[in-house]
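File shown: data-v8.txt. Contents: compact mmCIF, C-alpha atoms.
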```
# COMPACT_ATOMS: atom_id res chain seq x y z
CA MET A 1 120.96 98.06 70.66
CA LEU A 2 118.81 100.42 68.65
CA ASN A 3 115.84 98.17 68.11
CA GLN A 4 115.46 97.54 71.85
CA LYS A 5 113.18 99.87 73.72
CA ILE A 6 115.19 101.15 76.65
CA PHE A 7 113.35 103.03 79.38
CA ILE A 8 115.18 105.16 81.91
CA VAL A 9 113.29 105.40 85.18
CA ILE A 10 114.19 108.25 87.51
CA ALA A 11 112.74 108.74 90.97
CA ALA A 12 113.00 112.40 91.92
CA TYR A 13 112.29 114.04 95.24
CA ASN A 14 113.02 117.74 95.47
CA GLU A 15 115.54 117.70 92.65
CA GLU A 16 114.70 120.97 90.89
CA LYS A 17 118.36 121.94 90.79
CA ARG A 18 119.59 118.81 89.05
CA ILE A 19 116.75 117.13 87.20
CA LYS A 20 116.89 119.30 84.08
CA LYS A 21 120.56 118.60 83.54
CA VAL A 22 120.13 114.86 84.07
CA ILE A 23 117.29 114.74 81.53
CA SER A 24 119.15 116.78 78.93
CA ASN A 25 122.24 114.61 79.33
CA LEU A 26 120.10 111.54 78.74
CA LYS A 27 118.54 113.09 75.66
CA LYS A 28 121.94 114.02 74.29
CA GLN A 29 122.90 110.35 74.42
CA ASN A 30 119.74 109.54 72.51
CA TYR A 31 117.70 107.99 75.28
CA LYS A 32 114.17 108.84 74.25
CA ASN A 33 112.07 106.95 76.76
CA ILE A 34 112.60 108.78 80.01
CA VAL A 35 110.20 108.33 82.92
CA VAL A 36 110.43 110.74 85.81
CA ILE A 37 108.45 110.04 88.95
CA ASP A 38 108.07 113.11 91.05
CA ASP A 39 107.76 111.66 94.51
CA GLY A 40 105.68 114.37 96.11
CA SER A 41 108.31 117.09 95.83
CA SER A 42 107.57 120.41 97.43
CA ASP A 43 109.73 122.27 94.91
CA LYS A 44 109.41 122.68 91.13
CA THR A 45 110.67 119.21 90.16
CA TYR A 46 107.36 118.27 88.53
CA GLU A 47 106.99 121.45 86.49
CA ILE A 48 110.59 121.34 85.32
CA ALA A 49 110.35 117.70 84.27
CA ARG A 50 107.07 118.37 82.45
CA LYS A 51 108.73 121.07 80.35
CA GLU A 52 111.35 118.59 79.19
CA LYS A 53 108.74 116.56 77.30
CA VAL A 54 109.43 113.27 79.03
CA TYR A 55 106.98 110.94 80.73
CA VAL A 56 106.24 112.40 84.13
CA LEU A 57 104.20 110.72 86.84
CA LYS A 58 103.42 112.42 90.07
CA HIS A 59 103.02 110.95 93.52
CA ILE A 60 100.83 113.45 95.30
CA ILE A 61 102.61 112.80 98.56
CA ASN A 62 106.10 111.52 99.23
CA ARG A 63 106.18 107.72 99.48
CA GLY A 64 109.87 107.01 99.19
CA GLN A 65 112.26 105.91 96.51
CA GLY A 66 111.14 102.29 96.44
CA ALA A 67 107.54 103.25 95.79
CA ALA A 68 108.53 105.78 93.14
CA LEU A 69 110.74 103.30 91.29
CA LYS A 70 107.96 100.75 91.31
CA THR A 71 105.57 103.27 89.79
CA GLY A 72 108.13 104.02 87.09
CA ILE A 73 108.92 100.39 86.40
CA ASP A 74 105.23 99.52 86.12
CA PHE A 75 104.75 102.40 83.73
CA ALA A 76 107.67 101.25 81.59
CA ILE A 77 106.24 97.73 81.50
CA GLN A 78 102.92 99.17 80.38
CA LYS A 79 104.72 101.00 77.58
CA LYS A 80 106.24 97.71 76.46
CA ALA A 81 109.81 98.51 77.40
CA ASP A 82 112.38 95.84 76.55
CA ILE A 83 114.93 97.03 79.06
CA ILE A 84 114.37 99.19 82.13
CA VAL A 85 117.14 101.18 83.72
CA THR A 86 116.88 102.83 87.13
CA PHE A 87 118.86 106.03 87.39
CA ASP A 88 119.34 108.82 89.91
CA ALA A 89 118.00 112.33 89.58
CA ASP A 90 120.87 114.08 91.30
CA GLY A 91 123.60 113.52 88.73
CA GLN A 92 125.66 111.06 90.76
CA PHE A 93 125.74 108.58 87.89
CA LEU A 94 127.20 109.02 84.42
CA VAL A 95 124.84 108.79 81.45
CA LYS A 96 127.60 107.38 79.25
CA GLU A 97 127.80 104.34 81.53
CA ILE A 98 124.20 103.31 80.90
CA LYS A 99 125.29 101.31 77.87
CA ASN A 100 127.72 99.33 80.03
CA VAL A 101 125.01 98.53 82.56
CA VAL A 102 122.56 97.57 79.81
CA MET A 103 125.07 95.40 77.94
CA PRO A 104 124.69 92.18 79.99
CA ILE A 105 120.93 92.30 79.37
CA LEU A 106 121.36 92.91 75.65
CA LYS A 107 123.80 90.05 75.37
CA ASN A 108 121.45 87.87 77.38
CA GLU A 109 124.11 87.27 80.01
CA ALA A 110 121.86 88.40 82.83
CA ASP A 111 118.26 89.25 83.68
CA ILE A 112 119.31 92.10 85.90
CA SER A 113 122.56 94.00 86.02
CA LEU A 114 123.69 96.01 89.00
CA GLY A 115 126.04 98.94 88.90
CA SER A 116 128.81 98.69 91.45
CA ARG A 117 130.75 101.72 92.59
CA PHE A 118 133.37 99.46 94.11
CA LEU A 119 134.18 97.70 90.85
CA GLY A 120 134.34 101.04 89.15
CA LYS A 121 135.51 104.49 90.09
CA THR A 122 134.18 106.23 93.12
CA ILE A 123 134.93 109.85 93.56
CA ASN A 124 135.17 111.27 97.09
CA ILE A 125 133.22 108.60 98.92
CA PRO A 126 133.12 109.29 102.66
CA LEU A 127 134.74 106.56 104.74
CA LEU A 128 131.66 105.98 106.87
CA LYS A 129 129.51 105.57 103.77
CA LYS A 130 131.95 103.05 102.41
CA LEU A 131 131.92 101.08 105.66
CA VAL A 132 128.13 100.99 105.79
CA LEU A 133 127.92 99.82 102.18
CA LYS A 134 130.48 97.09 102.82
CA LEU A 135 128.55 95.98 105.87
CA GLY A 136 125.52 95.79 103.58
CA VAL A 137 127.45 93.46 101.28
CA ILE A 138 127.96 91.07 104.18
CA VAL A 139 124.31 91.33 105.23
CA VAL A 140 123.13 90.59 101.68
CA PHE A 141 125.41 87.58 101.50
CA ILE A 142 124.22 86.19 104.84
CA LEU A 143 120.55 86.78 104.11
CA TYR A 144 120.33 85.82 100.46
CA GLY A 145 123.58 84.08 99.64
CA ILE A 146 124.22 86.58 96.88
CA LYS A 147 127.77 87.75 96.33
CA ILE A 148 127.98 91.38 95.31
CA THR A 149 130.37 94.23 95.90
CA ASP A 150 127.91 97.09 96.29
CA SER A 151 124.80 96.68 98.40
CA GLN A 152 122.85 99.81 97.65
CA SER A 153 123.39 100.79 94.10
CA GLY A 154 120.56 102.72 92.50
CA PHE A 155 121.97 102.16 89.03
CA ARG A 156 120.49 98.98 87.57
CA ALA A 157 119.15 97.57 84.35
CA MET A 158 116.70 94.73 83.93
CA SER A 159 114.87 92.94 81.18
CA ARG A 160 111.12 93.36 81.05
CA LYS A 161 110.73 89.73 81.98
CA ALA A 162 112.76 90.33 85.15
CA ALA A 163 110.92 93.56 85.90
CA GLU A 164 107.61 91.78 85.73
CA LYS A 165 108.81 89.22 88.23
CA ILE A 166 110.40 91.61 90.68
CA ASN A 167 107.81 92.52 93.25
CA LEU A 168 108.79 95.55 95.29
CA THR A 169 106.68 96.15 98.35
CA ALA A 170 108.93 98.36 100.44
CA ASP A 171 108.31 102.06 100.06
CA ARG A 172 111.47 103.56 101.45
CA MET A 173 115.09 102.68 101.01
CA GLU A 174 114.60 98.99 101.84
CA HIS A 175 113.93 98.45 98.16
CA ALA A 176 117.68 98.06 97.65
CA GLY A 177 117.57 94.94 99.80
CA GLU A 178 114.35 93.84 98.22
CA PHE A 179 115.95 93.62 94.81
CA PHE A 180 118.31 90.96 96.15
CA GLN A 181 115.44 89.12 97.78
CA GLU A 182 113.58 89.05 94.48
CA ILE A 183 116.68 87.99 92.56
CA LYS A 184 116.98 85.00 94.84
CA LYS A 185 113.30 84.17 94.93
CA ASN A 186 112.88 84.26 91.16
CA ASN A 187 116.25 82.74 90.40
CA LEU A 188 117.25 85.68 88.25
CA LYS A 189 120.65 85.82 86.62
CA TYR A 190 122.48 88.89 87.85
CA LYS A 191 125.71 90.56 86.96
CA GLU A 192 127.60 93.46 88.47
CA VAL A 193 129.02 96.16 86.23
CA PRO A 194 131.57 98.81 87.22
CA ILE A 195 130.12 102.30 87.46
CA THR A 196 131.29 105.69 88.60
CA VAL A 197 129.60 107.43 91.48
CA ILE A 198 130.40 111.03 92.14
CA TYR A 199 130.05 112.37 95.63
CA ASP A 200 129.80 116.11 95.74
CA ARG A 201 128.38 118.40 98.36
CA TYR A 202 124.90 118.23 96.84
CA SER A 203 124.57 114.47 96.74
CA LEU A 204 126.07 114.03 100.18
CA LYS A 205 123.49 116.31 101.66
CA LYS A 206 120.69 114.37 100.00
CA GLY A 207 121.92 110.82 100.41
CA GLN A 208 120.78 108.63 103.23
CA ASN A 209 122.79 108.88 106.36
CA TRP A 210 124.24 106.07 108.38
CA ASN A 211 121.42 105.64 110.88
CA GLN A 212 118.96 105.19 108.02
CA SER A 213 121.26 102.50 106.71
CA ILE A 214 121.23 100.71 110.03
CA GLU A 215 117.45 100.91 110.15
CA LEU A 216 117.46 99.49 106.64
CA GLY A 217 119.62 96.58 107.74
CA ILE A 218 117.36 95.80 110.66
CA LYS A 219 114.25 95.94 108.50
CA MET A 220 115.83 93.60 105.96
CA LEU A 221 116.65 91.20 108.76
CA ILE A 222 113.13 91.27 110.19
CA LYS A 223 111.68 90.73 106.75
CA ARG A 224 113.93 87.78 106.12
CA LEU A 225 113.09 86.23 109.46
CA ILE A 226 109.32 86.61 109.45
CA GLY A 227 108.43 87.60 105.90
CA MET B 1 88.84 101.37 153.73
CA LEU B 2 89.90 102.15 150.18
CA SER B 3 93.37 103.51 149.59
CA ILE B 4 93.94 106.48 147.27
CA ILE B 5 95.53 104.29 144.62
CA GLN B 6 92.46 102.07 144.60
CA ILE B 7 90.15 105.05 144.10
CA LEU B 8 92.34 106.46 141.33
CA ALA B 9 92.56 103.09 139.65
CA PHE B 10 88.81 102.65 139.87
CA VAL B 11 88.11 106.05 138.31
CA PHE B 12 90.63 105.44 135.55
CA VAL B 13 89.39 101.96 134.74
CA THR B 14 85.76 103.11 134.70
CA PHE B 15 86.71 105.81 132.26
CA ALA B 16 88.77 103.46 130.05
CA ALA B 17 86.07 100.79 130.08
CA SER B 18 83.40 103.34 129.16
CA ARG B 19 85.51 104.28 126.12
CA ALA B 20 85.59 100.63 125.12
CA VAL B 21 81.80 100.40 125.48
CA LEU B 22 81.31 103.51 123.32
CA ARG B 23 83.71 102.27 120.65
CA ALA B 24 81.91 98.93 120.56
CA LYS B 25 78.55 100.69 120.28
CA ASP B 26 79.82 102.69 117.29
CA LYS B 27 81.16 99.44 115.84
CA LYS B 28 84.66 100.97 115.77
CA ILE B 29 86.03 97.86 117.44
CA SER B 30 84.90 94.29 116.97
CA LEU B 31 83.11 92.29 119.64
CA GLY B 32 86.26 90.25 120.23
CA GLU B 33 88.34 93.36 120.76
CA PHE B 34 85.69 94.72 123.09
CA PHE B 35 85.86 91.63 125.29
CA LEU B 36 89.65 91.74 125.22
CA TRP B 37 89.64 95.29 126.58
CA ILE B 38 86.95 94.56 129.13
CA ALA B 39 88.97 91.57 130.30
CA ILE B 40 92.09 93.72 130.61
CA TRP B 41 90.34 96.47 132.59
CA GLY B 42 88.28 93.99 134.61
CA GLY B 43 91.41 92.08 135.51
CA LEU B 44 93.11 95.28 136.56
CA ILE B 45 90.25 96.33 138.83
CA PHE B 46 90.12 92.86 140.35
CA VAL B 47 93.82 92.98 141.13
CA VAL B 48 93.52 96.48 142.61
CA PHE B 49 90.77 95.44 145.01
CA PHE B 50 92.16 92.00 145.81
CA PRO B 51 95.95 92.48 145.73
CA GLY B 52 96.35 89.21 147.61
CA ILE B 53 95.41 87.29 144.47
CA THR B 54 98.67 88.33 142.79
CA SER B 55 100.73 86.62 145.48
CA TYR B 56 98.79 83.45 144.77
CA PHE B 57 99.63 83.68 141.07
CA ALA B 58 103.22 84.58 141.89
CA GLN B 59 103.58 81.43 143.91
CA LEU B 60 101.84 79.40 141.25
CA LEU B 61 104.22 80.67 138.54
CA GLY B 62 107.29 80.67 140.71
CA ILE B 63 107.79 84.43 140.60
CA GLY B 64 108.94 86.21 143.74
CA ARG B 65 106.35 88.85 144.50
CA GLY B 66 102.78 89.59 143.45
CA VAL B 67 103.72 92.99 142.08
CA ASP B 68 106.24 91.35 139.77
CA VAL B 69 103.51 89.22 138.22
CA ILE B 70 101.58 92.36 137.35
CA LEU B 71 104.71 93.93 135.87
CA TYR B 72 105.51 90.89 133.74
CA VAL B 73 101.97 90.55 132.48
CA SER B 74 101.66 94.27 131.75
CA ILE B 75 104.92 94.45 129.85
CA SER B 76 104.09 91.37 127.79
CA LEU B 77 100.71 92.84 126.99
CA LEU B 78 102.28 96.16 126.02
CA PHE B 79 104.74 94.43 123.69
CA TYR B 80 101.94 92.50 122.08
CA LEU B 81 99.80 95.58 121.55
CA ILE B 82 102.73 97.55 120.14
CA PHE B 83 103.47 94.71 117.77
CA ARG B 84 99.89 94.72 116.56
CA LEU B 85 100.02 98.47 116.13
CA TYR B 86 103.25 98.15 114.15
CA VAL B 87 101.76 95.58 111.80
CA LYS B 88 98.64 97.66 111.32
CA LEU B 89 100.67 100.78 110.64
CA GLU B 90 102.81 99.04 108.03
CA GLU B 91 99.66 97.81 106.36
CA THR B 92 98.18 101.29 106.33
CA GLU B 93 101.38 102.74 104.89
CA ARG B 94 101.30 100.17 102.12
CA GLU B 95 97.71 100.98 101.32
CA ILE B 96 98.46 104.69 101.14
CA THR B 97 101.28 103.95 98.73
CA LYS B 98 98.97 101.87 96.57
CA LEU B 99 96.56 104.79 96.41
CA VAL B 100 99.26 107.31 95.59
CA ARG B 101 100.68 105.10 92.85
CA ASN B 102 97.28 104.52 91.29
CA LEU B 103 96.55 108.23 91.38
CA ALA B 104 99.81 108.88 89.55
CA PHE B 105 98.63 106.61 86.73
CA ILE B 106 95.14 108.08 86.61
CA LYS B 107 96.48 111.62 86.53
CA ARG B 108 98.76 110.80 83.61
CA LYS B 109 95.92 109.46 81.50
CA LYS B 110 93.97 112.70 81.78
```
Once more with this new file: its structure as structure tokens, please.
Amino acid sequence: MLNQKIFIVIAAYNEEKRIKKVISNLKKQNYKNIVVIDDGSSDKTYEIARKEKVYVLKHIINRGQGAALKTGIDFAIQKKADIIVTFDADGQFLVKEIKNVVMPILKNEADISLGSRFLGKTINIPLLKKLVLKLGVIVVFILYGIKITDSQSGFRAMSRKAAEKINLTADRMEHAGEFFQEIKKNNLKYKEVPITVIYDRYSLKKGQNWNQSIELGIKMLIKRLIG
Amino acid sequence: MLSIIQILAFVFVTFAASRAVLRAKDKKISLGEFFLWIAIWGGLIFVVFFPGITSYFAQLLGIGRGVDVILYVSISLLFYLIFRLYVKLEETEREITKLVRNLAFIKRKK
């Protein structure tokens, strides 16, 4: 595990309250290659991340999580990362679970591994959120024939080879669907790994709400039909 | 004798068509687009002054009334133009993102 270059990519938009803690937790677990993309935050996210001596890239205006992740992934590829992990800036995921998510890639069991909150522990998930995510599972299966248990997990790991193939074009939240599209298109081996997702007041306020999810579903459908 | 609606329509169409001419002069729209707009406004003015023609088309197409033909055509046209706008907007958004992402890389190198 130690001779593989693991890059943690974090898209952050107005996360000044949480970003420092997330970075220091990562450092404590010995993750040295941390890439933070400040997605046009209006708060001090950029300055705080800069002080932590990690790689920081700044989008001068907000372009959405998909765009930010792509910037980070491209940067990690440039830096010759072996494995790229996408992680959240708001502390919903557990740093200690990164090794579980990375494991299938290390063992060569998969090109991309997807964290699933429904295989693992989910703390305080709102019912509506759960319903929407489950609906997403059905949509993903119908559109791409991919069987998963969690449709919008932001916790993933991929090999560089897979990262180079995955072509994300959607700026906003549709990127979650786009990952599945790219998995299918490039015939990537995928595996789901149990993860914990913690819902507290902070993350609930920031997370996407149900009408955004519906919009996401419709956009995925349109893309599949005409794209 | 011209009705009020005909006068209003004439004034509006003249104004709209003049915009199209100006845009074409400034090369803001292509020649094809210019003719498209002139055809739309010309068609409208024709229909306003010869409303009888719509009944002819209605009969030809098997639609009840002349006014309905105008409604159907207008709505279809609107949908088409909105669709084009939507595509264009998505494209523009994507280009902005490309710029922002490239800037992020350039800024880091400095």
Counting only C-alpha atoms, which residues of chain B sit at most 8 Å from some atom of chain A, and what is each one's closest atom pair with its distance in Å to one decimal, listed by chain and rising residue number, as CSV?
```
residue,atom,partner,partner_atom,distance
B:Arg94,CA,A:Asp171,CA,7.5
B:Thr97,CA,A:Arg63,CA,6.2
B:Val100,CA,A:His59,CA,5.6
B:Arg101,CA,A:Thr71,CA,6.1
B:Leu103,CA,A:His59,CA,7.3
B:Ala104,CA,A:Lys58,CA,5.1
B:Phe105,CA,A:Leu57,CA,6.9
B:Lys107,CA,A:Leu57,CA,7.8
B:Arg108,CA,A:Leu57,CA,6.3
```
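Coordinates place atom CA of Ala12 of chain A at a distance of 8.8 Å from atom CA of Tyr46 of chain A.
Checking B:Gln59, B:Thr54, B:Val13, B:Arg23 one by one against Gly42 of chain B, counting all atoms listed in the file, you find the shortest gap at B:Val13.
Take atom CA of Ala58 of chain B and atom CA of Leu71 of chain B: the distance between them is 11.2 Å.
Of note, atom CA of Val139 of chain A and atom CA of Gly177 of chain A are spaced 9.4 Å apart.
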